$ cat my_file.cif   # mmCIF, C-alpha atoms
data_start
#
loop_
_atom_site.label_atom_id
_atom_site.label_comp_id
_atom_site.auth_asym_id
_atom_site.auth_seq_id
_atom_site.Cartn_x
_atom_site.Cartn_y
_atom_site.Cartn_z
CA MET A 1 -62.38 -71.68 -245.92
CA SER A 2 -63.84 -68.78 -244.01
CA GLU A 3 -64.31 -65.49 -245.74
CA SER A 4 -62.72 -62.42 -244.20
CA THR A 5 -64.84 -59.35 -243.59
CA PRO A 6 -63.75 -56.43 -245.75
CA THR A 7 -62.57 -53.41 -243.82
CA ASN A 8 -63.47 -49.84 -244.55
CA PRO A 9 -60.26 -47.81 -244.81
CA ASN A 10 -62.18 -44.67 -243.84
CA SER A 11 -63.65 -46.09 -240.59
CA GLN A 12 -60.63 -45.40 -238.35
CA PRO A 13 -60.25 -41.74 -239.37
CA THR A 14 -63.99 -41.26 -238.89
CA GLU A 15 -63.87 -42.74 -235.40
CA ALA A 16 -60.84 -40.62 -234.55
CA MET A 17 -62.61 -37.47 -235.75
CA ALA A 18 -65.68 -38.37 -233.67
CA SER A 19 -63.48 -38.89 -230.62
CA VAL A 20 -61.76 -35.53 -231.14
CA SER A 21 -65.12 -33.82 -231.58
CA GLN A 22 -66.43 -35.41 -228.39
CA ASN A 23 -63.33 -34.33 -226.47
CA GLN A 24 -63.67 -30.79 -227.78
CA GLU A 25 -67.32 -30.72 -226.70
CA ILE A 26 -66.39 -31.94 -223.19
CA THR A 27 -63.62 -29.33 -222.99
CA ALA A 28 -66.05 -26.59 -224.05
CA VAL A 29 -68.56 -27.67 -221.38
CA ASP A 30 -65.81 -27.75 -218.72
CA HIS A 31 -64.70 -24.28 -219.83
CA ARG A 32 -68.24 -22.93 -219.54
CA ASN A 33 -68.61 -24.51 -216.09
CA ALA A 34 -65.31 -22.97 -214.99
CA LYS A 35 -66.43 -19.57 -216.29
CA THR A 36 -69.71 -19.88 -214.39
CA ARG A 37 -67.83 -20.83 -211.23
CA GLN A 38 -65.60 -17.82 -211.75
CA LEU A 39 -68.54 -15.44 -212.04
CA LEU A 40 -70.29 -16.89 -208.96
CA GLY A 41 -67.11 -16.92 -206.88
CA MET A 42 -66.93 -20.69 -206.48
CA LYS A 43 -63.99 -23.07 -206.17
CA GLY A 44 -62.53 -24.35 -209.44
CA ALA A 45 -62.95 -21.12 -211.38
CA ALA A 46 -61.28 -20.31 -214.70
CA PRO A 47 -58.57 -17.63 -214.78
CA GLY A 48 -58.15 -14.98 -217.44
CA GLU A 49 -61.37 -12.95 -217.21
CA LYS A 50 -60.92 -9.55 -218.93
CA SER A 51 -64.24 -7.80 -218.28
CA ILE A 52 -63.75 -5.46 -215.31
CA TRP A 53 -67.44 -5.72 -214.38
CA LYS A 54 -67.34 -9.51 -214.29
CA ILE A 55 -64.18 -9.29 -212.18
CA ARG A 56 -65.93 -6.93 -209.76
CA LEU A 57 -68.86 -9.34 -209.57
CA GLN A 58 -66.48 -12.21 -208.93
CA LEU A 59 -65.04 -10.29 -205.95
CA MET A 60 -68.56 -10.05 -204.50
CA LYS A 61 -69.15 -13.86 -204.73
CA PRO A 62 -72.83 -13.92 -205.83
CA ILE A 63 -73.15 -17.55 -204.73
CA THR A 64 -72.98 -16.31 -201.11
CA TRP A 65 -75.92 -13.92 -201.51
CA ILE A 66 -78.54 -16.66 -201.68
CA PRO A 67 -78.82 -17.54 -197.95
CA LEU A 68 -78.94 -13.86 -196.98
CA ILE A 69 -81.69 -13.12 -199.49
CA TRP A 70 -83.53 -16.17 -198.18
CA GLY A 71 -83.07 -14.90 -194.61
CA VAL A 72 -85.03 -11.78 -195.53
CA VAL A 73 -87.89 -14.01 -196.74
CA CYS A 74 -87.83 -15.92 -193.43
CA GLY A 75 -87.87 -12.66 -191.47
CA ALA A 76 -90.85 -11.36 -193.44
CA ALA A 77 -92.63 -14.66 -192.69
CA SER A 78 -91.84 -14.53 -188.97
CA SER A 79 -93.26 -11.00 -188.72
CA GLY A 80 -96.69 -12.41 -189.49
CA ASN A 81 -97.55 -9.19 -191.30
CA TYR A 82 -96.37 -9.78 -194.86
CA THR A 83 -99.07 -9.52 -197.51
CA TRP A 84 -98.70 -9.79 -201.27
CA THR A 85 -98.97 -6.18 -202.37
CA TRP A 86 -96.76 -4.41 -204.88
CA GLU A 87 -95.41 -2.12 -202.18
CA ASN A 88 -94.40 -5.05 -199.97
CA VAL A 89 -92.78 -6.84 -202.88
CA LEU A 90 -90.71 -3.72 -203.62
CA LYS A 91 -89.80 -3.37 -199.93
CA ALA A 92 -88.68 -6.99 -199.80
CA ALA A 93 -86.68 -6.62 -203.01
CA ALA A 94 -84.89 -3.54 -201.62
CA CYS A 95 -84.18 -5.40 -198.38
CA MET A 96 -82.74 -8.33 -200.37
CA LEU A 97 -80.57 -5.83 -202.27
CA VAL A 98 -79.14 -4.60 -198.95
CA SER A 99 -78.55 -8.07 -197.50
CA GLY A 100 -77.23 -9.68 -200.67
CA PRO A 101 -75.46 -7.68 -203.40
CA LEU A 102 -74.61 -4.61 -201.30
CA LEU A 103 -73.57 -5.71 -197.80
CA ALA A 104 -72.77 -9.35 -198.56
CA GLY A 105 -70.89 -8.04 -201.60
CA TYR A 106 -69.07 -5.58 -199.33
CA THR A 107 -68.19 -8.39 -196.90
CA GLN A 108 -66.86 -10.68 -199.61
CA THR A 109 -64.84 -7.95 -201.34
CA LEU A 110 -63.36 -6.91 -197.99
CA ASN A 111 -62.47 -10.53 -197.27
CA GLU A 112 -60.84 -10.88 -200.69
CA TYR A 113 -58.75 -7.78 -199.98
CA TYR A 114 -57.42 -9.01 -196.65
CA ASP A 115 -57.05 -12.64 -197.79
CA ARG A 116 -55.09 -11.89 -200.95
CA GLU A 117 -51.91 -13.56 -199.67
CA ILE A 118 -53.76 -16.67 -198.55
CA ASP A 119 -55.70 -16.81 -201.82
CA ALA A 120 -52.39 -16.71 -203.69
CA VAL A 121 -51.84 -20.19 -202.19
CA ASN A 122 -55.39 -21.58 -202.05
CA GLU A 123 -57.05 -19.96 -205.09
CA PRO A 124 -54.46 -18.15 -207.25
CA TYR A 125 -57.08 -17.60 -209.98
CA ARG A 126 -59.00 -15.16 -207.73
CA PRO A 127 -59.09 -11.56 -209.07
CA ILE A 128 -56.57 -9.99 -206.67
CA PRO A 129 -53.79 -12.63 -206.56
CA SER A 130 -54.09 -13.16 -210.32
CA GLY A 131 -53.56 -9.42 -210.90
CA ALA A 132 -56.88 -9.03 -212.72
CA ILE A 133 -57.79 -5.91 -210.70
CA PRO A 134 -55.52 -3.39 -208.91
CA LEU A 135 -55.89 -2.91 -205.14
CA PRO A 136 -57.04 0.77 -205.32
CA GLN A 137 -60.04 -0.32 -207.39
CA VAL A 138 -60.84 -3.03 -204.85
CA THR A 139 -60.72 -0.46 -202.04
CA THR A 140 -63.07 1.84 -203.97
CA GLN A 141 -65.51 -1.03 -204.49
CA ILE A 142 -65.50 -1.79 -200.76
CA TRP A 143 -66.40 1.80 -199.84
CA ILE A 144 -69.12 2.13 -202.50
CA LEU A 145 -70.85 -1.09 -201.42
CA LEU A 146 -70.60 -0.16 -197.72
CA ILE A 147 -72.05 3.33 -198.17
CA LEU A 148 -74.81 2.25 -200.55
CA GLY A 149 -75.81 -0.64 -198.27
CA ASN A 150 -76.24 1.58 -195.24
CA VAL A 151 -77.99 4.35 -197.21
CA VAL A 152 -80.56 1.87 -198.58
CA ALA A 153 -80.96 0.42 -195.06
CA PHE A 154 -81.82 3.89 -193.71
CA THR A 155 -84.25 4.36 -196.61
CA LEU A 156 -85.98 1.11 -195.63
CA ASP A 157 -86.36 2.30 -192.02
CA THR A 158 -88.02 5.47 -193.30
CA TRP A 159 -90.20 3.51 -195.72
CA ALA A 160 -91.32 1.11 -192.97
CA GLY A 161 -92.04 4.01 -190.59
CA ASN A 162 -89.72 2.68 -187.89
CA GLN A 163 -89.38 5.16 -185.03
CA PHE A 164 -86.02 3.60 -184.14
CA PRO A 165 -83.72 2.93 -187.15
CA THR A 166 -83.62 -0.84 -186.52
CA ILE A 167 -82.63 -1.84 -190.04
CA THR A 168 -79.87 0.77 -190.19
CA THR A 169 -78.55 -0.41 -186.83
CA ILE A 170 -78.44 -4.02 -188.03
CA ALA A 171 -76.67 -2.90 -191.22
CA ILE A 172 -74.04 -0.94 -189.29
CA LEU A 173 -73.50 -3.80 -186.82
CA GLY A 174 -73.22 -6.31 -189.65
CA SER A 175 -70.76 -4.08 -191.52
CA PHE A 176 -68.62 -3.77 -188.38
CA ILE A 177 -68.60 -7.52 -187.76
CA ALA A 178 -67.68 -8.09 -191.41
CA TYR A 179 -64.71 -5.78 -190.92
CA ILE A 180 -63.37 -7.39 -187.73
CA TYR A 181 -63.97 -10.81 -189.29
CA SER A 182 -61.51 -10.13 -192.10
CA ALA A 183 -59.24 -7.29 -190.97
CA PRO A 184 -56.41 -7.24 -188.43
CA PRO A 185 -55.83 -6.91 -185.57
CA LEU A 186 -58.94 -8.87 -184.48
CA LYS A 187 -59.44 -10.88 -187.68
CA LEU A 188 -62.05 -13.20 -186.17
CA LYS A 189 -61.59 -15.73 -188.96
CA GLN A 190 -58.23 -16.63 -187.40
CA ASN A 191 -60.28 -18.64 -184.89
CA GLY A 192 -62.57 -21.28 -186.34
CA TRP A 193 -65.23 -20.93 -183.64
CA LEU A 194 -65.41 -17.13 -183.46
CA GLY A 195 -65.07 -16.62 -187.18
CA GLY A 196 -67.50 -19.39 -188.05
CA TYR A 197 -70.15 -18.06 -185.70
CA ALA A 198 -69.68 -14.48 -186.90
CA LEU A 199 -70.23 -15.74 -190.44
CA GLY A 200 -73.18 -17.90 -189.41
CA ALA A 201 -74.87 -14.96 -187.68
CA SER A 202 -74.27 -12.79 -190.73
CA TYR A 203 -75.88 -15.43 -192.95
CA MET A 204 -78.92 -16.13 -190.76
CA ALA A 205 -79.60 -13.78 -187.85
CA PHE A 206 -78.93 -10.41 -189.49
CA PRO A 207 -81.01 -10.81 -192.68
CA TRP A 208 -83.78 -12.57 -190.72
CA CYS A 209 -84.01 -9.75 -188.18
CA THR A 210 -83.87 -7.21 -191.00
CA GLY A 211 -86.81 -8.81 -192.83
CA HIS A 212 -88.76 -9.03 -189.59
CA ALA A 213 -88.09 -5.37 -188.73
CA LEU A 214 -89.20 -4.28 -192.19
CA PHE A 215 -92.69 -5.77 -191.85
CA GLY A 216 -93.14 -5.97 -188.07
CA GLU A 217 -91.65 -4.97 -184.76
CA LEU A 218 -88.41 -6.73 -183.93
CA ASN A 219 -88.47 -8.21 -180.41
CA TRP A 220 -85.99 -9.99 -178.17
CA LYS A 221 -87.54 -13.44 -178.79
CA ILE A 222 -86.84 -13.26 -182.54
CA VAL A 223 -83.32 -12.00 -181.85
CA VAL A 224 -82.59 -14.86 -179.43
CA ILE A 225 -84.10 -17.52 -181.69
CA THR A 226 -82.17 -16.36 -184.74
CA VAL A 227 -78.95 -16.10 -182.74
CA ILE A 228 -79.44 -19.73 -181.65
CA TYR A 229 -80.33 -20.76 -185.21
CA SER A 230 -77.08 -19.11 -186.31
CA LEU A 231 -75.21 -21.98 -184.67
CA ALA A 232 -76.54 -24.06 -187.56
CA GLY A 233 -75.15 -21.33 -189.81
CA LEU A 234 -71.76 -21.97 -188.21
CA GLY A 235 -71.98 -25.43 -189.76
CA ILE A 236 -72.48 -23.84 -193.16
CA ALA A 237 -69.56 -21.49 -192.61
CA ILE A 238 -67.22 -24.40 -191.83
CA VAL A 239 -67.87 -25.90 -195.27
CA ASN A 240 -66.03 -23.00 -196.90
CA ASP A 241 -62.89 -23.71 -194.86
CA PHE A 242 -62.19 -27.15 -196.29
CA LYS A 243 -60.93 -25.82 -199.62
CA SER A 244 -58.48 -23.52 -197.80
CA VAL A 245 -56.77 -25.92 -195.40
CA GLU A 246 -53.32 -25.67 -196.98
CA GLY A 247 -53.18 -21.87 -197.04
CA ASP A 248 -54.85 -21.50 -193.62
CA ARG A 249 -52.29 -23.81 -192.05
CA GLN A 250 -49.43 -21.98 -193.77
CA PHE A 251 -50.60 -18.55 -192.54
CA GLY A 252 -51.54 -19.69 -189.03
CA LEU A 253 -55.35 -19.42 -189.35
CA LYS A 254 -57.04 -21.80 -186.91
CA SER A 255 -60.01 -22.89 -188.97
CA LEU A 256 -61.79 -25.99 -187.68
CA PRO A 257 -60.33 -28.28 -190.39
CA VAL A 258 -56.87 -27.06 -189.35
CA MET A 259 -57.61 -27.40 -185.62
CA PHE A 260 -59.34 -30.78 -185.63
CA GLY A 261 -58.45 -32.32 -188.96
CA VAL A 262 -60.66 -32.70 -192.01
CA THR A 263 -62.66 -35.72 -190.83
CA THR A 264 -63.51 -34.43 -187.35
CA ALA A 265 -64.34 -30.97 -188.69
CA ALA A 266 -66.73 -32.54 -191.21
CA TRP A 267 -68.60 -34.26 -188.38
CA VAL A 268 -68.72 -31.01 -186.39
CA CYS A 269 -70.07 -29.19 -189.44
CA ALA A 270 -72.83 -31.73 -190.11
CA GLY A 271 -73.69 -32.06 -186.43
CA MET A 272 -74.07 -28.32 -185.85
CA ILE A 273 -76.54 -28.03 -188.71
CA ASP A 274 -78.67 -31.03 -187.69
CA VAL A 275 -78.66 -30.48 -183.92
CA PHE A 276 -79.65 -26.83 -183.96
CA GLN A 277 -82.32 -27.38 -186.58
CA ALA A 278 -83.75 -29.99 -184.20
CA VAL A 279 -83.47 -27.48 -181.32
CA ILE A 280 -85.65 -25.04 -183.26
CA ALA A 281 -88.15 -27.85 -183.93
CA VAL A 282 -88.36 -28.48 -180.18
CA TYR A 283 -88.97 -24.77 -179.65
CA LEU A 284 -91.84 -24.87 -182.15
CA ILE A 285 -93.40 -27.68 -180.11
CA THR A 286 -93.23 -25.50 -176.98
CA ILE A 287 -95.26 -22.79 -178.74
CA HIS A 288 -97.77 -25.42 -179.95
CA GLU A 289 -96.78 -25.29 -183.62
CA ASN A 290 -96.57 -29.09 -183.80
CA LEU A 291 -97.24 -29.47 -187.52
CA TYR A 292 -94.42 -27.09 -188.44
CA ALA A 293 -92.13 -28.81 -185.92
CA ALA A 294 -92.85 -32.18 -187.55
CA ILE A 295 -92.10 -30.77 -191.02
CA LEU A 296 -88.84 -29.30 -189.75
CA LEU A 297 -87.79 -32.63 -188.24
CA LEU A 298 -88.67 -34.47 -191.45
CA LEU A 299 -86.47 -32.08 -193.44
CA ILE A 300 -83.49 -33.18 -191.35
CA ILE A 301 -83.73 -36.77 -192.66
CA PRO A 302 -82.71 -36.13 -196.31
CA GLN A 303 -80.18 -33.63 -195.02
CA ILE A 304 -78.46 -36.35 -192.96
CA THR A 305 -78.65 -38.72 -195.93
CA PHE A 306 -76.78 -36.34 -198.23
CA GLN A 307 -74.30 -35.51 -195.51
CA ASP A 308 -73.43 -39.20 -195.30
CA MET A 309 -73.40 -39.70 -199.09
CA TYR A 310 -71.10 -36.80 -199.87
CA PHE A 311 -69.66 -34.66 -197.13
CA LEU A 312 -68.71 -37.10 -194.40
CA ARG A 313 -67.07 -39.47 -196.88
CA ASP A 314 -64.90 -36.90 -198.65
CA PRO A 315 -65.46 -33.25 -197.62
CA LEU A 316 -62.61 -31.96 -199.80
CA LYS A 317 -63.94 -33.55 -202.98
CA ASN A 318 -67.68 -33.33 -202.40
CA ASP A 319 -68.19 -29.95 -200.70
CA VAL A 320 -70.00 -28.45 -203.70
CA LYS A 321 -72.20 -31.54 -204.19
CA TYR A 322 -73.04 -31.46 -200.49
CA GLN A 323 -73.99 -27.79 -200.55
CA ALA A 324 -76.21 -28.33 -203.57
CA SER A 325 -77.95 -31.43 -202.21
CA ALA A 326 -78.21 -31.08 -198.41
CA GLN A 327 -78.36 -27.37 -197.67
CA PRO A 328 -81.66 -26.72 -199.51
CA PHE A 329 -83.33 -28.71 -196.72
CA LEU A 330 -81.79 -26.38 -194.14
CA VAL A 331 -83.00 -23.24 -195.90
CA LEU A 332 -86.47 -24.75 -196.40
CA GLY A 333 -86.46 -25.50 -192.69
CA MET A 334 -85.66 -21.85 -191.97
CA LEU A 335 -88.76 -20.79 -193.90
CA VAL A 336 -90.90 -23.38 -192.11
CA ALA A 337 -89.67 -22.01 -188.77
CA GLY A 338 -90.33 -18.43 -189.89
CA ILE A 339 -93.89 -19.21 -190.98
CA ALA A 340 -94.50 -21.02 -187.67
CA MET A 341 -93.30 -18.05 -185.64
CA GLY A 342 -95.43 -15.68 -187.67
CA HIS A 343 -98.43 -17.95 -187.17
CA ALA A 344 -97.80 -18.10 -183.42
CA GLY A 345 -97.27 -14.35 -183.17
CA VAL A 346 -93.84 -14.67 -181.58
#
$ encode --input "my_file.cif" --output "structure tokens"
Amino acid sequence: MSESTPTNPNSQPTEAMASVSQNQEITAVDHRNAKTRQLLGMKGAAPGEKSIWKIRLQLMKPITWIPLIWGVVCGAASSGNYTWTWENVLKAAACMLVSGPLLAGYTQTLNEYYDREIDAVNEPYRPIPSGAIPLPQVTTQIWILLILGNVVAFTLDTWAGNQFPTITTIAILGSFIAYIYSAPPLKLKQNGWLGGYALGASYMAFPWCTGHALFGELNWKIVVITVIYSLAGLGIAIVNDFKSVEGDRQFGLKSLPVMFGVTTAAWVCAGMIDVFQAVIAVYLITIHENLYAAILLLLIIPQITFQDMYFLRDPLKNDVKYQASAQPFLVLGMLVAGIAMGHAGV
């Protein structure tokens, strides 16, 4: 006869307790991730934030500041005049403050204000549709960020010794485009092409030109090159439209995913980024910066790989993964192009 193995009566409760503990740990991690997403202004945020300062920060979407801050770095590189002194570091930091927290924060808060009805459908956990902050406070925040951004821009012009207030002019122009992008009657974001390009230029051309003007003399070549490069920025802008398809369609906004469908829009998005990065590489060859052109072209390869792995297969599910994996190669390419232009004395 075979002997039966004795069972431990306490084993099942122990396993159940371990399973509950593991589930609680997973839930806690998910809650922390959702809170982080909330603070950064990302999709999938957690509702219920009580701190008014965190709510104000959420309105400003800090995740969107990164490419603008990086654009300042690229502009400083393209000037060919940046040196590592304490004064220049402080200048660059102040310029990043203008491009990122102040004027990008103004743009995002303004967009939140005018998109509150759409967000009630797409992202009801956002501060305004959720009722976390009253509209008069949102309006006050918009004005404070706008005024501070332009005041600091004028201060930078004075600090840089610019005879013409180039940085202030860029700040005013950018503020105006941000307004007509979000506000009626123009509301550029109603059209996927116009709105996407306005956003792309705001992300790439404006901060780049600002950084260049801070450390050098802004010229028409840099303006034209950055305006062309902004067509790659249009590809970045399209990514943000995929999470809003339902609400955009309901409110008649003609974003590219609404106009062409999710799959076609994903291909347009990826293609714009890759093609115009290659165009800039060709330009670098024409000014005999072949090494930098080769580096820029090589950076496109992993970018295409991640586009295929994530975005083109399921843009609705993998938009965040795609942004985290592929877009760093675009922003590194921007810096490569900036260094090349500075080296060539464009």
$ resolve_selection --input "my_file.cif" --expression "the PyMOL selection byres ((chain A and resi 340-345) around 12)" --output "short mmCIF file (atom, residue, chain, number, x, y, z; two decimals) with C-alpha atoms, keeping the file's coordinate frame"
data_model
loop_
_atom_site.label_atom_id
_atom_site.label_comp_id
_atom_site.auth_asym_id
_atom_site.auth_seq_id
_atom_site.Cartn_x
_atom_site.Cartn_y
_atom_site.Cartn_z
CA VAL A 73 -87.89 -14.01 -196.74
CA CYS A 74 -87.83 -15.92 -193.43
CA GLY A 75 -87.87 -12.66 -191.47
CA ALA A 76 -90.85 -11.36 -193.44
CA ALA A 77 -92.63 -14.66 -192.69
CA SER A 78 -91.84 -14.53 -188.97
CA SER A 79 -93.26 -11.00 -188.72
CA GLY A 80 -96.69 -12.41 -189.49
CA ASN A 81 -97.55 -9.19 -191.30
CA TYR A 82 -96.37 -9.78 -194.86
CA HIS A 212 -88.76 -9.03 -189.59
CA PHE A 215 -92.69 -5.77 -191.85
CA GLY A 216 -93.14 -5.97 -188.07
CA GLU A 217 -91.65 -4.97 -184.76
CA LEU A 218 -88.41 -6.73 -183.93
CA ASN A 219 -88.47 -8.21 -180.41
CA LYS A 221 -87.54 -13.44 -178.79
CA ILE A 222 -86.84 -13.26 -182.54
CA ILE A 225 -84.10 -17.52 -181.69
CA THR A 226 -82.17 -16.36 -184.74
CA ILE A 280 -85.65 -25.04 -183.26
CA ALA A 281 -88.15 -27.85 -183.93
CA TYR A 283 -88.97 -24.77 -179.65
CA LEU A 284 -91.84 -24.87 -182.15
CA ILE A 285 -93.40 -27.68 -180.11
CA THR A 286 -93.23 -25.50 -176.98
CA ILE A 287 -95.26 -22.79 -178.74
CA HIS A 288 -97.77 -25.42 -179.95
CA GLU A 289 -96.78 -25.29 -183.62
CA ASN A 290 -96.57 -29.09 -183.80
CA LEU A 291 -97.24 -29.47 -187.52
CA TYR A 292 -94.42 -27.09 -188.44
CA ALA A 293 -92.13 -28.81 -185.92
CA ALA A 294 -92.85 -32.18 -187.55
CA ILE A 295 -92.10 -30.77 -191.02
CA LEU A 296 -88.84 -29.30 -189.75
CA GLY A 333 -86.46 -25.50 -192.69
CA MET A 334 -85.66 -21.85 -191.97
CA LEU A 335 -88.76 -20.79 -193.90
CA VAL A 336 -90.90 -23.38 -192.11
CA ALA A 337 -89.67 -22.01 -188.77
CA GLY A 338 -90.33 -18.43 -189.89
CA ILE A 339 -93.89 -19.21 -190.98
CA VAL A 346 -93.84 -14.67 -181.58
#
$ atom_distance --input "my_file.cif" --atom1 "atom CA of A:Lys54" --atom2 "atom CA of A:Leu148"
19.6 Å
$ resolve_selection --input "my_file.cif" --expression "the PyMOL selection byres ((chain A and resi 60-68) around 6)" --output "PyMOL selection string"
chain A and resi 40-41+57-59+69-71+99-100+105+108-109+203+207
$ closest_residue --input "my_file.cif" --among "A:Leu186, A:Val152, A:Val279, A:Met309" --to "A:Pro165" --atoms "only C-alpha atoms"
A:Val152
$ resolve_selection --input "my_file.cif" --expression "the PyMOL selection byres ((chain A and resi 171) around 8)" --output "list in words"
Leu103, Gly149, Asn150, Ala153, Ile167, Thr168, Thr169, Ile170, Ile172, Leu173, Gly174 and Ser175 of chain A
$ closest_residue --input "my_file.cif" --among "A:Val138, A:Val262, A:Val331, A:Leu312" --to "A:Gly233" --atoms "all atoms listed in the file"
A:Val331
$ atom_distance --input "my_file.cif" --atom1 "atom CA of A:Leu146" --atom2 "atom CA of A:Gln327"
28.3 Å
$ atom_distance --input "my_file.cif" --atom1 "atom CA of A:Asp115" --atom2 "atom CA of A:Tyr179"
12.4 Å
$ residues_near_point --input "my_file.cif" --point "(-67.0, -27.7, -195.3)" --cutoff "7 Å" --atoms "all atoms listed in the file" --output "list in words"
Ile238, Val239, Asn240, Asp241, Phe242, Ala266, Cys269, Pro315 and Asp319 of chain A
$ residues_around --input "my_file.cif" --residues "A:Pro129" --least-positions-apart "2" --cutoff "7 Å" --atoms "all atoms listed in the file" --output "PyMOL selection string"
chain A and resi 116+119-120+124-127+131
$ closest_residue --input "my_file.cif" --among "A:Ile147, A:Ile236, A:Val245, A:Ala324" --to "A:Val121" --atoms "all atoms listed in the file"
A:Val245
$ residues_near_point --input "my_file.cif" --point "(-80.4, -37.4, -191.5)" --cutoff "12 Å" --atoms "all atoms listed in the file" --output "list in words"
Ala270, Gly271, Ile273, Asp274, Val275, Gln277, Ala278, Leu296, Leu297, Leu298, Leu299, Ile300, Ile301, Pro302, Gln303, Ile304, Thr305, Phe306, Gln307, Asp308, Met309, Ala326, Gln327, Phe329 and Leu330 of chain A
$ closest_residue --input "my_file.cif" --among "A:Tyr181, A:Phe164, A:Tyr106, A:Phe176" --to "A:Leu145" --atoms "only C-alpha atoms"
A:Tyr106
$ residues_around --input "my_file.cif" --residues "A:Gly192" --least-positions-apart "3" --cutoff "8 Å" --atoms "all atoms listed in the file" --output "PyMOL selection string"
chain A and resi 189+195-196+238+254-256+259
$ closest_residue --input "my_file.cif" --among "A:Val258, A:Met96, A:Leu253, A:Met204" --to "A:Leu188" --atoms "all atoms listed in the file"
A:Leu253
$ build_atoms --input "my_file.cif" --residues "stretch 65-76 of chain A" --atoms "N, CA, C and O atoms" --output "CSV table (one decimal), in the coordinates of the input"
chain,number,residue,atom,x,y,z
A,65,TRP,N,-74.8,-14.8,-201.8
A,65,TRP,CA,-75.9,-13.9,-201.5
A,65,TRP,C,-77.2,-14.7,-201.2
A,65,TRP,O,-78.1,-14.2,-200.5
A,66,ILE,N,-77.3,-15.9,-201.7
A,66,ILE,CA,-78.5,-16.7,-201.7
A,66,ILE,C,-79.1,-16.8,-200.3
A,66,ILE,O,-80.2,-16.6,-200.0
A,67,PRO,N,-78.3,-17.3,-199.3
A,67,PRO,CA,-78.8,-17.5,-198.0
A,67,PRO,C,-79.2,-16.2,-197.3
A,67,PRO,O,-80.2,-16.2,-196.5
A,68,LEU,N,-78.6,-15.1,-197.6
A,68,LEU,CA,-78.9,-13.9,-197.0
A,68,LEU,C,-80.3,-13.3,-197.6
A,68,LEU,O,-81.1,-12.8,-196.8
A,69,ILE,N,-80.4,-13.5,-198.9
A,69,ILE,CA,-81.7,-13.1,-199.5
A,69,ILE,C,-82.8,-14.0,-198.9
A,69,ILE,O,-83.9,-13.5,-198.6
A,70,TRP,N,-82.5,-15.3,-198.7
A,70,TRP,CA,-83.5,-16.2,-198.2
A,70,TRP,C,-83.9,-15.8,-196.7
A,70,TRP,O,-85.0,-15.9,-196.3
A,71,GLY,N,-82.8,-15.3,-196.0
A,71,GLY,CA,-83.1,-14.9,-194.6
A,71,GLY,C,-84.1,-13.8,-194.5
A,71,GLY,O,-84.9,-13.7,-193.6
A,72,VAL,N,-84.0,-12.9,-195.5
A,72,VAL,CA,-85.0,-11.8,-195.5
A,72,VAL,C,-86.4,-12.4,-195.7
A,72,VAL,O,-87.4,-11.9,-195.0
A,73,VAL,N,-86.6,-13.4,-196.5
A,73,VAL,CA,-87.9,-14.0,-196.7
A,73,VAL,C,-88.4,-14.6,-195.4
A,73,VAL,O,-89.6,-14.5,-195.0
A,74,CYS,N,-87.5,-15.3,-194.7
A,74,CYS,CA,-87.8,-15.9,-193.4
A,74,CYS,C,-88.2,-14.9,-192.4
A,74,CYS,O,-89.2,-15.1,-191.6
A,75,GLY,N,-87.5,-13.7,-192.4
A,75,GLY,CA,-87.9,-12.7,-191.5
A,75,GLY,C,-89.2,-12.1,-191.8
A,75,GLY,O,-90.0,-11.8,-190.9
A,76,ALA,N,-89.5,-11.9,-193.1
A,76,ALA,CA,-90.8,-11.4,-193.4
A,76,ALA,C,-91.9,-12.3,-193.0
A,76,ALA,O,-93.0,-11.9,-192.5
